[in-house]
Amino acid sequence: MTPREALFDAADVAPALPVCDHYSGVEARMRKSLELQGELGPVFDVTLDCEDGAPVGGEAEHAQLCAELVMSAANRFGRVGARVHPVDHPSFEHDVDTLVRRAGARLAYLMVPKPRGLADVQRAVDQIDHFIRIHGHGRDIPVHVLVETHGALCEVGAIAAHPRIESVSFGLMDFVSAHRGAIPASAMSAEGQFAHPLVLRAKLEIAAACHAHAKVPSHCVVTEFKDLRALSAAATRACREFGYTRMWSIHPDQVRTIVEAFAPSAAETDLAIEILRAAQAAQWAPIRHRDTLHDRASYRYFWQVVERARRTGQPLPAEVRQAWFEGAAA
């Protein structure tokens, strides 16, 4: 048995999404983002932005362009999604209709921004599933949600528990703005977002809700896109201290830094493989490794280290890839 088969029930396994989610809305930048994904591989997703990326009055044409890019040869790995308008926006239904009808066969997910609570999430899912049915794609397109309102944060547990939700993201900028000046602008910075108590509370509640329901928590943006040192520090904290397994990128230069921050070190990966090999040889009974006791609880942790190494493009021994991934459903 592979470690995943031996250690996890299906309900305990979160979706294995890339650790970086790169947003792009201008045509030239969307095409460059797809080129970069082709170069680096599926270590990051590309989200084509129909909300902030669409020119006013040109929303319909922009949605068509996004659908064309999803279906194009530039989408080499099937890891391209799209952000639609909020569910109460006049363009929401047209966005979903266009994307599902023209690109539903290859669309990796749809991101729904600004829900005010569970009711908005359910309304959006109902509309998405309606268009999936009438266009006959025969697959449930995963739905991602952006939590950036007070109501959504209050109901984040119920949102994360929704069976159609795959990932929940934190919308830092709108969340701060929603406090009507009570949170200072510094809380939107790379460092300040890790200092203000209300922002920290939101981050922690989103991450905890996602882990409770085996969904993927996705960390917010760093707007200082040229300061890669600040980005690396923020991404490292998001991953190591706040429990996030995915993070937004808003500039191509941020992608590599985020992927590197979320990747385990070579030493961490090597240790995980050593322990899992010994555990497998012991038929998953407790073992002693370097004078430390390990059992199924720590085995699950170390398997997740190996999976994260694979998702971030880290080299794995050929025998590990063949035995644990290539010969099984990964």
# chains A, B, ... in the order shown; residues from 1 in each chain; ligands from 1
call {"tool": "select_by_dssp", "arguments": {"residues": "segment 115-321 of chain A", "states": "strand (DSSP E or B)", "output": "PDB file with N, CA, C and O atoms, in the first residue's frame"}}
result
ATOM      1  N   VAL A 143     -15.301  24.897  -7.120  1.00  0.00           N
ATOM      2  CA  VAL A 143     -15.603  26.287  -6.810  1.00  0.00           C
ATOM      3  C   VAL A 143     -14.675  26.755  -5.693  1.00  0.00           C
ATOM      4  O   VAL A 143     -14.525  26.077  -4.676  1.00  0.00           O
ATOM      5  N   HIS A 144     -14.038  27.898  -5.924  1.00  0.00           N
ATOM      6  CA  HIS A 144     -13.228  28.544  -4.900  1.00  0.00           C
ATOM      7  C   HIS A 144     -13.952  29.801  -4.443  1.00  0.00           C
ATOM      8  O   HIS A 144     -14.704  30.411  -5.204  1.00  0.00           O
ATOM      9  N   VAL A 145     -13.723  30.205  -3.205  1.00  0.00           N
ATOM     10  CA  VAL A 145     -14.420  31.345  -2.621  1.00  0.00           C
ATOM     11  C   VAL A 145     -13.400  32.295  -2.010  1.00  0.00           C
ATOM     12  O   VAL A 145     -12.423  31.856  -1.383  1.00  0.00           O
ATOM     13  N   LEU A 146     -13.655  33.581  -2.187  1.00  0.00           N
ATOM     14  CA  LEU A 146     -12.793  34.615  -1.625  1.00  0.00           C
ATOM     15  C   LEU A 146     -13.505  35.275  -0.445  1.00  0.00           C
ATOM     16  O   LEU A 146     -14.512  35.968  -0.623  1.00  0.00           O
ATOM     17  N   VAL A 147     -13.007  35.037   0.757  1.00  0.00           N
ATOM     18  CA  VAL A 147     -13.611  35.594   1.961  1.00  0.00           C
ATOM     19  C   VAL A 147     -13.009  36.972   2.214  1.00  0.00           C
ATOM     20  O   VAL A 147     -11.810  37.094   2.497  1.00  0.00           O
ATOM     21  N   ILE A 165     -17.202  23.355  -2.422  1.00  0.00           N
ATOM     22  CA  ILE A 165     -16.083  24.280  -2.254  1.00  0.00           C
ATOM     23  C   ILE A 165     -14.783  23.492  -2.144  1.00  0.00           C
ATOM     24  O   ILE A 165     -14.677  22.555  -1.360  1.00  0.00           O
ATOM     25  N   GLU A 166     -13.797  23.904  -2.925  1.00  0.00           N
ATOM     26  CA  GLU A 166     -12.492  23.247  -2.928  1.00  0.00           C
ATOM     27  C   GLU A 166     -11.452  24.052  -2.153  1.00  0.00           C
ATOM     28  O   GLU A 166     -10.556  23.479  -1.525  1.00  0.00           O
ATOM     29  N   SER A 167     -11.556  25.370  -2.206  1.00  0.00           N
ATOM     30  CA  SER A 167     -10.541  26.226  -1.585  1.00  0.00           C
ATOM     31  C   SER A 167     -11.192  27.525  -1.126  1.00  0.00           C
ATOM     32  O   SER A 167     -12.138  28.019  -1.748  1.00  0.00           O
ATOM     33  N   VAL A 168     -10.663  28.070  -0.018  1.00  0.00           N
ATOM     34  CA  VAL A 168     -11.122  29.357   0.498  1.00  0.00           C
ATOM     35  C   VAL A 168      -9.913  30.286   0.600  1.00  0.00           C
ATOM     36  O   VAL A 168      -8.898  29.938   1.220  1.00  0.00           O
ATOM     37  N   SER A 169     -10.029  31.457  -0.017  1.00  0.00           N
ATOM     38  CA  SER A 169      -8.963  32.458   0.006  1.00  0.00           C
ATOM     39  C   SER A 169      -9.344  33.607   0.923  1.00  0.00           C
ATOM     40  O   SER A 169     -10.528  33.875   1.171  1.00  0.00           O
ATOM     41  N   PHE A 170      -8.316  34.317   1.403  1.00  0.00           N
ATOM     42  CA  PHE A 170      -8.533  35.504   2.223  1.00  0.00           C
ATOM     43  C   PHE A 170      -8.309  36.745   1.372  1.00  0.00           C
ATOM     44  O   PHE A 170      -7.242  36.908   0.763  1.00  0.00           O
ATOM     45  N   VAL A 216      -8.650  23.645   0.966  1.00  0.00           N
ATOM     46  CA  VAL A 216      -7.349  24.292   0.812  1.00  0.00           C
ATOM     47  C   VAL A 216      -7.446  25.766   1.216  1.00  0.00           C
ATOM     48  O   VAL A 216      -8.159  26.539   0.570  1.00  0.00           O
ATOM     49  N   PRO A 217      -6.716  26.193   2.261  1.00  0.00           N
ATOM     50  CA  PRO A 217      -6.683  27.618   2.605  1.00  0.00           C
ATOM     51  C   PRO A 217      -5.644  28.341   1.749  1.00  0.00           C
ATOM     52  O   PRO A 217      -4.495  27.907   1.638  1.00  0.00           O
ATOM     53  N   SER A 218      -6.052  29.442   1.136  1.00  0.00           N
ATOM     54  CA  SER A 218      -5.175  30.181   0.228  1.00  0.00           C
ATOM     55  C   SER A 218      -4.927  31.576   0.798  1.00  0.00           C
ATOM     56  O   SER A 218      -5.870  32.339   1.046  1.00  0.00           O
ATOM     57  N   HIS A 219      -3.665  31.910   0.992  1.00  0.00           N
ATOM     58  CA  HIS A 219      -3.275  33.152   1.655  1.00  0.00           C
ATOM     59  C   HIS A 219      -3.375  34.346   0.712  1.00  0.00           C
ATOM     60  O   HIS A 219      -3.283  34.212  -0.506  1.00  0.00           O
ATOM     61  N   ARG A 246      -1.410  27.381   0.286  1.00  0.00           N
ATOM     62  CA  ARG A 246      -1.514  28.000  -1.037  1.00  0.00           C
ATOM     63  C   ARG A 246      -1.490  29.514  -0.832  1.00  0.00           C
ATOM     64  O   ARG A 246      -1.882  30.011   0.232  1.00  0.00           O
ATOM     65  N   MET A 247      -1.037  30.260  -1.857  1.00  0.00           N
ATOM     66  CA  MET A 247      -0.927  31.711  -1.716  1.00  0.00           C
ATOM     67  C   MET A 247      -1.103  32.377  -3.068  1.00  0.00           C
ATOM     68  O   MET A 247      -0.698  31.853  -4.095  1.00  0.00           O
ATOM     69  N   TRP A 248      -1.680  33.581  -3.035  1.00  0.00           N
ATOM     70  CA  TRP A 248      -1.904  34.349  -4.252  1.00  0.00           C
ATOM     71  C   TRP A 248      -0.625  35.032  -4.724  1.00  0.00           C
ATOM     72  O   TRP A 248       0.189  35.506  -3.925  1.00  0.00           O
ATOM     73  N   SER A 249      -0.503  35.120  -6.036  1.00  0.00           N
ATOM     74  CA  SER A 249       0.518  35.945  -6.687  1.00  0.00           C
ATOM     75  C   SER A 249      -0.199  36.942  -7.588  1.00  0.00           C
ATOM     76  O   SER A 249      -1.178  36.584  -8.260  1.00  0.00           O
ATOM     77  N   ILE A 287       7.542   2.851  14.923  1.00  0.00           N
ATOM     78  CA  ILE A 287       8.967   2.597  14.711  1.00  0.00           C
ATOM     79  C   ILE A 287       9.784   3.564  15.565  1.00  0.00           C
ATOM     80  O   ILE A 287       9.282   4.579  16.047  1.00  0.00           O
ATOM     81  N   ARG A 288      11.060   3.246  15.696  1.00  0.00           N
ATOM     82  CA  ARG A 288      12.032   4.149  16.314  1.00  0.00           C
ATOM     83  C   ARG A 288      12.969   4.627  15.219  1.00  0.00           C
ATOM     84  O   ARG A 288      13.546   3.822  14.489  1.00  0.00           O
ATOM     85  N   HIS A 289      13.110   5.938  15.097  1.00  0.00           N
ATOM     86  CA  HIS A 289      13.986   6.506  14.077  1.00  0.00           C
ATOM     87  C   HIS A 289      14.808   7.619  14.718  1.00  0.00           C
ATOM     88  O   HIS A 289      14.261   8.598  15.219  1.00  0.00           O
ATOM     89  N   THR A 292      13.751   8.585  18.162  1.00  0.00           N
ATOM     90  CA  THR A 292      12.448   9.225  18.287  1.00  0.00           C
ATOM     91  C   THR A 292      11.375   8.238  17.862  1.00  0.00           C
ATOM     92  O   THR A 292      11.527   7.546  16.843  1.00  0.00           O
ATOM     93  N   LEU A 293      10.293   8.160  18.643  1.00  0.00           N
ATOM     94  CA  LEU A 293       9.201   7.267  18.321  1.00  0.00           C
ATOM     95  C   LEU A 293       8.288   7.916  17.293  1.00  0.00           C
ATOM     96  O   LEU A 293       7.933   9.092  17.409  1.00  0.00           O
ATOM     97  N   HIS A 294       7.900   7.132  16.292  1.00  0.00           N
ATOM     98  CA  HIS A 294       6.957   7.601  15.283  1.00  0.00           C
ATOM     99  C   HIS A 294       5.847   6.568  15.119  1.00  0.00           C
ATOM    100  O   HIS A 294       6.074   5.364  15.230  1.00  0.00           O
TER     101      HIS A 294
END
call {"tool": "select_by_dssp", "arguments": {"residues": "segment 31-280 of chain A", "states": "alpha helix (DSSP H)", "output": "PyMOL selection string"}}
result
chain A and resi 31-40+59-71+92-103+118-135+150-154+156-161+172-177+197-212+228-240+252-262+266-280
call {"tool": "closest_residue", "arguments": {"among": "A:Arg106, A:Arg133, A:Arg101, A:Lys215", "to": "Phe77 of chain A", "atoms": "only C-alpha atoms"}}
result
A:Arg106
call {"tool": "closest_residue", "arguments": {"among": "A:Glu260, A:Asp97, A:Asp291, A:Glu274", "to": "Val320 of chain A", "atoms": "only C-alpha atoms"}}
result
A:Glu274
call {"tool": "residues_around", "arguments": {"residues": "segment 85-92 of chain A", "least_positions_apart": "4", "cutoff": "6 Å", "atoms": "only C-alpha atoms", "output": "VMD selection string"}}
result
chain A and resid 51 113 to 114 124
call {"tool": "closest_residue", "arguments": {"among": "A:Ala282, A:Leu153, A:Ile128, A:Leu276", "to": "Val112 of chain A", "atoms": "only C-alpha atoms"}}
result
A:Ile128
call {"tool": "residues_around", "arguments": {"residues": "Met173 of chain A", "least_positions_apart": "4", "cutoff": "10 Å", "atoms": "only C-alpha atoms", "output": "list in words"}}
result
Glu148, Ser177, Ala178, Ala185, Ala187, Met188, Ser189, Gln193, Cys220, Val221, Val222 and Thr223 of chain A
call {"tool": "closest_residue", "arguments": {"among": "A:Leu271, A:Ala323, A:Asp126, A:Ala212", "to": "Ser298 of chain A", "atoms": "only C-alpha atoms"}}
result
A:Leu271
call {"tool": "residues_around", "arguments": {"residues": "Phe194 of chain A", "least_positions_apart": "4", "cutoff": "12 Å", "atoms": "only C-alpha atoms", "output": "ChimeraX atom specification"}}
result
/A:172,186-190,198-204,219-220,222,230,233-238,241-242
call {"tool": "atom_distance", "arguments": {"atom1": "atom CA of Glu5 of chain A", "atom2": "atom CA of Thr245 of chain A"}}
result
21.3 Å
